[in-house]
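Student: Below is the file entry28.pdb, which contains PDB, C-alpha atoms, pLDDT in the B column.
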ATOM      1  CA  MET G  87     111.807  85.420  87.385  1.00 36.00           C
ATOM      2  CA  ASP G  88     110.102  85.336  90.782  1.00 43.00           C
ATOM      3  CA  ASP G  89     107.431  83.695  92.868  1.00 59.00           C
ATOM      4  CA  GLU G  90     103.968  84.295  91.471  1.00 84.00           C
ATOM      5  CA  LEU G  91     101.869  86.338  93.884  1.00 91.00           C
ATOM      6  CA  THR G  92      98.104  86.247  94.143  1.00 92.00           C
ATOM      7  CA  THR G  93      96.105  89.448  94.377  1.00 91.00           C
ATOM      8  CA  ASP G  94      95.496  88.715  98.065  1.00 91.00           C
ATOM      9  CA  GLU G  95      99.245  88.315  98.629  1.00 93.00           C
ATOM     10  CA  HIS G  96      99.927  91.603  96.846  1.00 93.00           C
ATOM     11  CA  LEU G  97      97.404  93.332  99.074  1.00 93.00           C
ATOM     12  CA  ARG G  98      98.748  91.693 102.237  1.00 94.00           C
ATOM     13  CA  ALA G  99     102.339  92.650 101.336  1.00 95.00           C
ATOM     14  CA  LEU G 100     101.324  96.237 100.613  1.00 95.00           C
ATOM     15  CA  ALA G 101      99.458  96.455 103.925  1.00 95.00           C
ATOM     16  CA  ALA G 102     102.565  95.118 105.681  1.00 95.00           C
ATOM     17  CA  LEU G 103     104.763  97.723 103.970  1.00 95.00           C
ATOM     18  CA  GLU G 104     102.321 100.446 105.042  1.00 94.00           C
ATOM     19  CA  ALA G 105     102.574  99.111 108.600  1.00 95.00           C
ATOM     20  CA  VAL G 106     106.389  99.235 108.369  1.00 95.00           C
ATOM     21  CA  VAL G 107     106.275 102.864 107.168  1.00 92.00           C
ATOM     22  CA  GLN G 108     103.937 103.733 110.036  1.00 93.00           C
ATOM     23  CA  ASN G 109     105.914 101.609 112.545  1.00 94.00           C
ATOM     24  CA  ASN G 110     102.669  99.800 113.397  1.00 95.00           C
ATOM     25  CA  ASP G 111     103.728  96.509 114.990  1.00 94.00           C
ATOM     26  CA  GLY G 112     100.127  95.669 115.895  1.00 94.00           C
ATOM     27  CA  ALA G 113      99.121  95.696 112.240  1.00 94.00           C
ATOM     28  CA  LEU G 114     102.126  93.513 111.384  1.00 93.00           C
ATOM     29  CA  GLU G 115     101.015  90.983 113.996  1.00 92.00           C
ATOM     30  CA  VAL G 116      97.561  90.815 112.422  1.00 92.00           C
ATOM     31  CA  LEU G 117      99.067  90.501 108.938  1.00 92.00           C
ATOM     32  CA  ALA G 118     101.333  87.672 110.088  1.00 88.00           C
ATOM     33  CA  GLY G 119      98.208  85.584 109.566  1.00 74.00           C
ATOM     34  CA  GLY G 120      97.859  81.927 110.199  1.00 65.00           C
ATOM     35  CA  ALA G 121      99.044  78.552 108.969  1.00 59.00           C
ATOM     36  CA  PRO G 122      97.484  78.566 105.469  1.00 74.00           C
ATOM     37  CA  GLU G 123      99.154  81.846 104.502  1.00 82.00           C
ATOM     38  CA  ARG G 124     102.741  82.323 103.414  1.00 89.00           C
ATOM     39  CA  PRO G 125     104.860  83.557 106.352  1.00 93.00           C
ATOM     40  CA  LEU G 126     105.055  87.350 106.317  1.00 94.00           C
ATOM     41  CA  ALA G 127     108.857  87.488 105.942  1.00 95.00           C
ATOM     42  CA  ALA G 128     108.709  85.136 102.927  1.00 94.00           C
ATOM     43  CA  LEU G 129     105.801  87.065 101.426  1.00 95.00           C
ATOM     44  CA  LEU G 130     107.627  90.385 101.763  1.00 96.00           C
ATOM     45  CA  ALA G 131     110.779  88.907 100.219  1.00 95.00           C
ATOM     46  CA  ALA G 132     108.760  87.620  97.239  1.00 95.00           C
ATOM     47  CA  TYR G 133     106.912  90.915  96.897  1.00 94.00           C
ATOM     48  CA  GLY G 134     110.183  92.842  97.139  1.00 93.00           C
ATOM     49  CA  GLN G 135     111.732  90.743  94.390  1.00 93.00           C
ATOM     50  CA  HIS G 136     108.650  91.192  92.205  1.00 91.00           C
ATOM     51  CA  THR G 137     108.582  94.960  92.727  1.00 89.00           C
ATOM     52  CA  LEU G 138     112.316  95.540  92.307  1.00 89.00           C
ATOM     53  CA  HIS G 139     112.300  93.543  89.070  1.00 89.00           C
ATOM     54  CA  ARG G 140     109.405  95.648  87.791  1.00 86.00           C
ATOM     55  CA  VAL G 141     111.231  98.853  88.755  1.00 86.00           C
ATOM     56  CA  LEU G 142     114.352  97.730  86.893  1.00 89.00           C
ATOM     57  CA  LEU G 143     112.378  96.725  83.811  1.00 89.00           C
ATOM     58  CA  ALA G 144     110.704 100.134  83.791  1.00 87.00           C
ATOM     59  CA  ALA G 145     114.027 101.914  84.352  1.00 86.00           C
ATOM     60  CA  TYR G 146     115.427 100.153  81.281  1.00 89.00           C
ATOM     61  CA  GLY G 147     112.333 100.874  79.216  1.00 89.00           C
ATOM     62  CA  VAL G 148     111.265  97.253  78.826  1.00 91.00           C
ATOM     63  CA  GLU G 149     107.632  97.249  77.769  1.00 90.00           C
ATOM     64  CA  ALA G 150     105.171  94.531  76.799  1.00 88.00           C
ATOM     65  CA  THR G 151     104.673  96.149  73.379  1.00 92.00           C
ATOM     66  CA  MET G 152     108.332  95.732  72.353  1.00 93.00           C
ATOM     67  CA  THR G 153     109.540  93.175  69.859  1.00 94.00           C
ATOM     68  CA  ARG G 154     111.438  90.151  71.090  1.00 94.00           C
ATOM     69  CA  ASP G 155     114.722  91.624  69.773  1.00 95.00           C
ATOM     70  CA  GLU G 156     114.143  94.992  71.470  1.00 94.00           C
ATOM     71  CA  THR G 157     113.261  93.276  74.725  1.00 93.00           C
ATOM     72  CA  GLY G 158     116.312  91.033  74.491  1.00 93.00           C
ATOM     73  CA  GLN G 159     118.601  94.004  73.909  1.00 94.00           C
ATOM     74  CA  ARG G 160     117.207  95.960  76.868  1.00 93.00           C
ATOM     75  CA  VAL G 161     117.311  92.932  79.173  1.00 92.00           C
ATOM     76  CA  ALA G 162     120.925  92.279  78.131  1.00 94.00           C
ATOM     77  CA  GLU G 163     121.768  95.892  79.057  1.00 93.00           C
ATOM     78  CA  LEU G 164     119.989  95.468  82.378  1.00 93.00           C
ATOM     79  CA  ASN G 165     121.796  92.215  83.155  1.00 92.00           C
ATOM     80  CA  GLY G 166     125.131  93.836  82.278  1.00 94.00           C
ATOM     81  CA  ASP G 167     124.625  96.750  84.667  1.00 93.00           C
ATOM     82  CA  PRO G 168     126.500  96.239  87.967  1.00 94.00           C
ATOM     83  CA  MET G 169     123.883  98.261  89.871  1.00 90.00           C
ATOM     84  CA  ALA G 170     121.085  96.069  88.528  1.00 91.00           C
ATOM     85  CA  ARG G 171     123.024  92.990  89.609  1.00 92.00           C
ATOM     86  CA  ILE G 172     123.253  94.479  93.096  1.00 91.00           C
ATOM     87  CA  VAL G 173     119.459  94.842  93.123  1.00 90.00           C
ATOM     88  CA  PHE G 174     119.133  91.168  92.135  1.00 90.00           C
ATOM     89  CA  LEU G 175     121.560  90.284  94.940  1.00 92.00           C
ATOM     90  CA  LEU G 176     119.466  92.310  97.398  1.00 90.00           C
ATOM     91  CA  ALA G 177     116.338  90.422  96.347  1.00 91.00           C
ATOM     92  CA  ASP G 178     118.135  87.102  96.829  1.00 93.00           C
ATOM     93  CA  SER G 179     119.404  88.144 100.253  1.00 95.00           C
ATOM     94  CA  LEU G 180     115.857  89.032 101.317  1.00 94.00           C
ATOM     95  CA  HIS G 181     114.790  85.494 100.421  1.00 92.00           C
ATOM     96  CA  TYR G 182     117.680  84.053 102.442  1.00 94.00           C
ATOM     97  CA  GLN G 183     116.693  86.192 105.446  1.00 94.00           C
ATOM     98  CA  ALA G 184     113.109  84.987 105.129  1.00 94.00           C
ATOM     99  CA  VAL G 185     114.195  81.342 105.000  1.00 92.00           C
ATOM    100  CA  LEU G 186     116.131  81.792 108.241  1.00 92.00           C
ATOM    101  CA  ALA G 187     113.191  83.521 109.927  1.00 89.00           C
ATOM    102  CA  GLY G 188     110.537  81.599 111.762  1.00 79.00           C
ATOM    103  CA  ASP G 189     106.961  81.707 110.532  1.00 78.00           C
ATOM    104  CA  ASP G 190     106.050  84.323 113.135  1.00 80.00           C
ATOM    105  CA  ASP G 191     109.317  86.317 113.111  1.00 90.00           C
ATOM    106  CA  LEU G 192     107.950  89.852 112.854  1.00 92.00           C
ATOM    107  CA  VAL G 193     111.334  91.469 113.500  1.00 94.00           C
ATOM    108  CA  THR G 194     112.780  89.902 110.358  1.00 95.00           C
ATOM    109  CA  ALA G 195     109.610  90.655 108.389  1.00 95.00           C
ATOM    110  CA  LYS G 196     109.870  94.286 109.451  1.00 96.00           C
ATOM    111  CA  ARG G 197     113.560  94.425 108.452  1.00 96.00           C
ATOM    112  CA  ILE G 198     112.799  92.901 105.063  1.00 96.00           C
ATOM    113  CA  GLY G 199     109.979  95.408 104.587  1.00 95.00           C
ATOM    114  CA  GLY G 200     112.330  98.238 105.543  1.00 94.00           C
ATOM    115  CA  SER G 201     114.897  97.035 103.005  1.00 93.00           C
ATOM    116  CA  ILE G 202     112.262  96.952 100.277  1.00 92.00           C
ATOM    117  CA  LEU G 203     111.175 100.479 101.129  1.00 90.00           C
ATOM    118  CA  LEU G 204     114.780 101.715 101.106  1.00 88.00           C
ATOM    119  CA  ALA G 205     115.322 100.133  97.688  1.00 86.00           C
ATOM    120  CA  ILE G 206     112.139 101.769  96.378  1.00 83.00           C
ATOM    121  CA  HIS G 207     113.297 105.088  97.874  1.00 84.00           C
ATOM    122  CA  ALA G 208     116.608 104.702  96.009  1.00 82.00           C
ATOM    123  CA  PHE G 209     114.732 104.633  92.702  1.00 78.00           C
ATOM    124  CA  THR G 210     112.042 107.202  93.511  1.00 76.00           C
ATOM    125  CA  ASP G 211     113.484 109.641  96.088  1.00 72.00           C
ATOM    126  CA  ALA G 212     110.231 109.172  98.025  1.00 67.00           C
ATOM    127  CA  ASP G 213     109.960 110.082 101.693  1.00 67.00           C
ATOM    128  CA  ASN G 214     107.617 108.215 104.067  1.00 65.00           C
ATOM    129  CA  GLN G 215     104.559 110.248 103.026  1.00 68.00           C
ATOM    130  CA  ASP G 216     105.374 109.685  99.360  1.00 79.00           C
ATOM    131  CA  ALA G 217     105.913 105.996 100.122  1.00 79.00           C
ATOM    132  CA  LEU G 218     102.398 105.736 101.552  1.00 82.00           C
ATOM    133  CA  THR G 219     101.006 107.393  98.421  1.00 83.00           C
ATOM    134  CA  LEU G 220     102.989 104.996  96.222  1.00 83.00           C
ATOM    135  CA  LEU G 221     101.820 101.988  98.258  1.00 86.00           C
ATOM    136  CA  ARG G 222      98.197 103.123  97.913  1.00 87.00           C
ATOM    137  CA  ALA G 223      98.662 103.434  94.135  1.00 86.00           C
ATOM    138  CA  LEU G 224     100.173  99.937  94.011  1.00 85.00           C
ATOM    139  CA  ARG G 225      97.243  98.616  96.059  1.00 88.00           C
ATOM    140  CA  ASN G 226      94.764 100.215  93.626  1.00 89.00           C
ATOM    141  CA  GLU G 227      96.666  98.647  90.705  1.00 87.00           C
ATOM    142  CA  ALA G 228      96.527  95.222  92.398  1.00 85.00           C
ATOM    143  CA  LEU G 229      92.786  95.616  92.966  1.00 89.00           C
ATOM    144  CA  ARG G 230      92.194  96.537  89.325  1.00 88.00           C
ATOM    145  CA  ALA G 231      94.302  93.604  88.101  1.00 82.00           C
ATOM    146  CA  GLY G 232      92.683  91.114  90.482  1.00 72.00           C
TER     147      GLY G 232
END
Using the file provided, produce a representation of the structure as structure tokens.
Tutor:
Amino acid sequence: MDDELTTDEHLRALAALEAVVQNNDGALEVLAGGAPERPLAALLAAYGQHTLHRVLLAAYGVEATMTRDETGQRVAELNGDPMARIVFLLADSLHYQAVLAGDDDLVTAKRIGGSILLAIHAFTDADNQDALTLLRALRNEALRAG
């Protein structure tokens, strides 16, 4: 479904999204990291895909406790929804933007982060303050899972 993200990558992506919300370019520069880490634009694209898929699964009521048939039915409904397909297209386009970006292209990373936040806003009606609260909750979830 998407690139597997480590706990550290989840945390780094969430910190980058917080920096985008706060328009903190200095923090983005620090988070751009070094050679061993995934470039920030690529990381944000992968995190965006992961998060948007999770949002869609939740919106369609897909849960881990469901039977295979129930899951298959809900996923078929999701895949048949034109709006869901647009979300998948958005996630793909974020990956394409990241591929075209250089490893230290913070402008593209910031644009990808902004697109992810706008997509999250579309599902949650969250403003910037709510977005920060949501990002903190996601960070706490990543810490508990890691």
Student: Between G:Asp178, G:Asp167, G:Asp111, G:Asp155, which one has atoms that come closest to Val193 in chain G, using all atoms listed in the file?
Tutor: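 Ranked by minimum distance to Val193 in chain G, first place goes to G:Asp111.
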Student: Calculated over only C-alpha atoms, which of the candidates G:Leu224, G:Lys196, G:Val107, G:Ser201 has the smallest distance to Arg140 in chain G?
Tutor: G:Leu224
Student: If I take CA of Ala101 in chain G and CA of Leu143 in chain G, how far is one from the other in Å, to one decimal?
Tutor: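 Atom-to-atom, CA of Ala101 in chain G and CA of Leu143 in chain G are spaced 23.9 Å apart.
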Student: Please compute the CA of Arg225 in chain G-CA of Leu97 in chain G distance, one decimal, in Å.
Tutor: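 Between these atoms lies a distance of 6.1 Å.
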Student: Within 12 Å of Val185 in chain G, counting only C-alpha atoms, which residues show up once you throw out same-chain ones fewer than 4 positions away? Write them as a ChimeraX atom specification, please.
Tutor: /G:124-132,178-181,189-191,194-195,198
Student: What does the file look like for those residues with C-alpha atoms, as a short mmCIF file (atom, residue, chain, number, x, y, z; two decimals), in the frame of the given file?
Tutor:
data_model
loop_
_atom_site.label_atom_id
_atom_site.label_comp_id
_atom_site.auth_asym_id
_atom_site.auth_seq_id
_atom_site.Cartn_x
_atom_site.Cartn_y
_atom_site.Cartn_z
CA ARG G 124 102.74 82.32 103.41
CA PRO G 125 104.86 83.56 106.35
CA LEU G 126 105.06 87.35 106.32
CA ALA G 127 108.86 87.49 105.94
CA ALA G 128 108.71 85.14 102.93
CA LEU G 129 105.80 87.06 101.43
CA LEU G 130 107.63 90.38 101.76
CA ALA G 131 110.78 88.91 100.22
CA ALA G 132 108.76 87.62 97.24
CA ASP G 178 118.14 87.10 96.83
CA SER G 179 119.40 88.14 100.25
CA LEU G 180 115.86 89.03 101.32
CA HIS G 181 114.79 85.49 100.42
CA ASP G 189 106.96 81.71 110.53
CA ASP G 190 106.05 84.32 113.14
CA ASP G 191 109.32 86.32 113.11
CA THR G 194 112.78 89.90 110.36
CA ALA G 195 109.61 90.66 108.39
CA ILE G 198 112.80 92.90 105.06
#
Student: What do you get, as a PDB file with C-alpha atoms, in the coordinates of the input, if you spell out every residue that the PyMOL selection byres ((chain G and resi 217) around 10) selects here?
Tutor:
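Saved result, out_28.pdb, follows:
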ATOM      1  CA  LEU G 103     104.763  97.723 103.970  1.00 95.00           C
ATOM      2  CA  GLU G 104     102.321 100.446 105.042  1.00 94.00           C
ATOM      3  CA  VAL G 107     106.275 102.864 107.168  1.00 92.00           C
ATOM      4  CA  LEU G 203     111.175 100.479 101.129  1.00 90.00           C
ATOM      5  CA  LEU G 204     114.780 101.715 101.106  1.00 88.00           C
ATOM      6  CA  ILE G 206     112.139 101.769  96.378  1.00 83.00           C
ATOM      7  CA  HIS G 207     113.297 105.088  97.874  1.00 84.00           C
ATOM      8  CA  THR G 210     112.042 107.202  93.511  1.00 76.00           C
ATOM      9  CA  ASP G 211     113.484 109.641  96.088  1.00 72.00           C
ATOM     10  CA  ALA G 212     110.231 109.172  98.025  1.00 67.00           C
ATOM     11  CA  ASP G 213     109.960 110.082 101.693  1.00 67.00           C
ATOM     12  CA  ASN G 214     107.617 108.215 104.067  1.00 65.00           C
ATOM     13  CA  GLN G 215     104.559 110.248 103.026  1.00 68.00           C
ATOM     14  CA  ASP G 216     105.374 109.685  99.360  1.00 79.00           C
ATOM     15  CA  LEU G 218     102.398 105.736 101.552  1.00 82.00           C
ATOM     16  CA  THR G 219     101.006 107.393  98.421  1.00 83.00           C
ATOM     17  CA  LEU G 220     102.989 104.996  96.222  1.00 83.00           C
ATOM     18  CA  LEU G 221     101.820 101.988  98.258  1.00 86.00           C
ATOM     19  CA  ARG G 222      98.197 103.123  97.913  1.00 87.00           C
ATOM     20  CA  ALA G 223      98.662 103.434  94.135  1.00 86.00           C
TER      21      ALA G 223
END
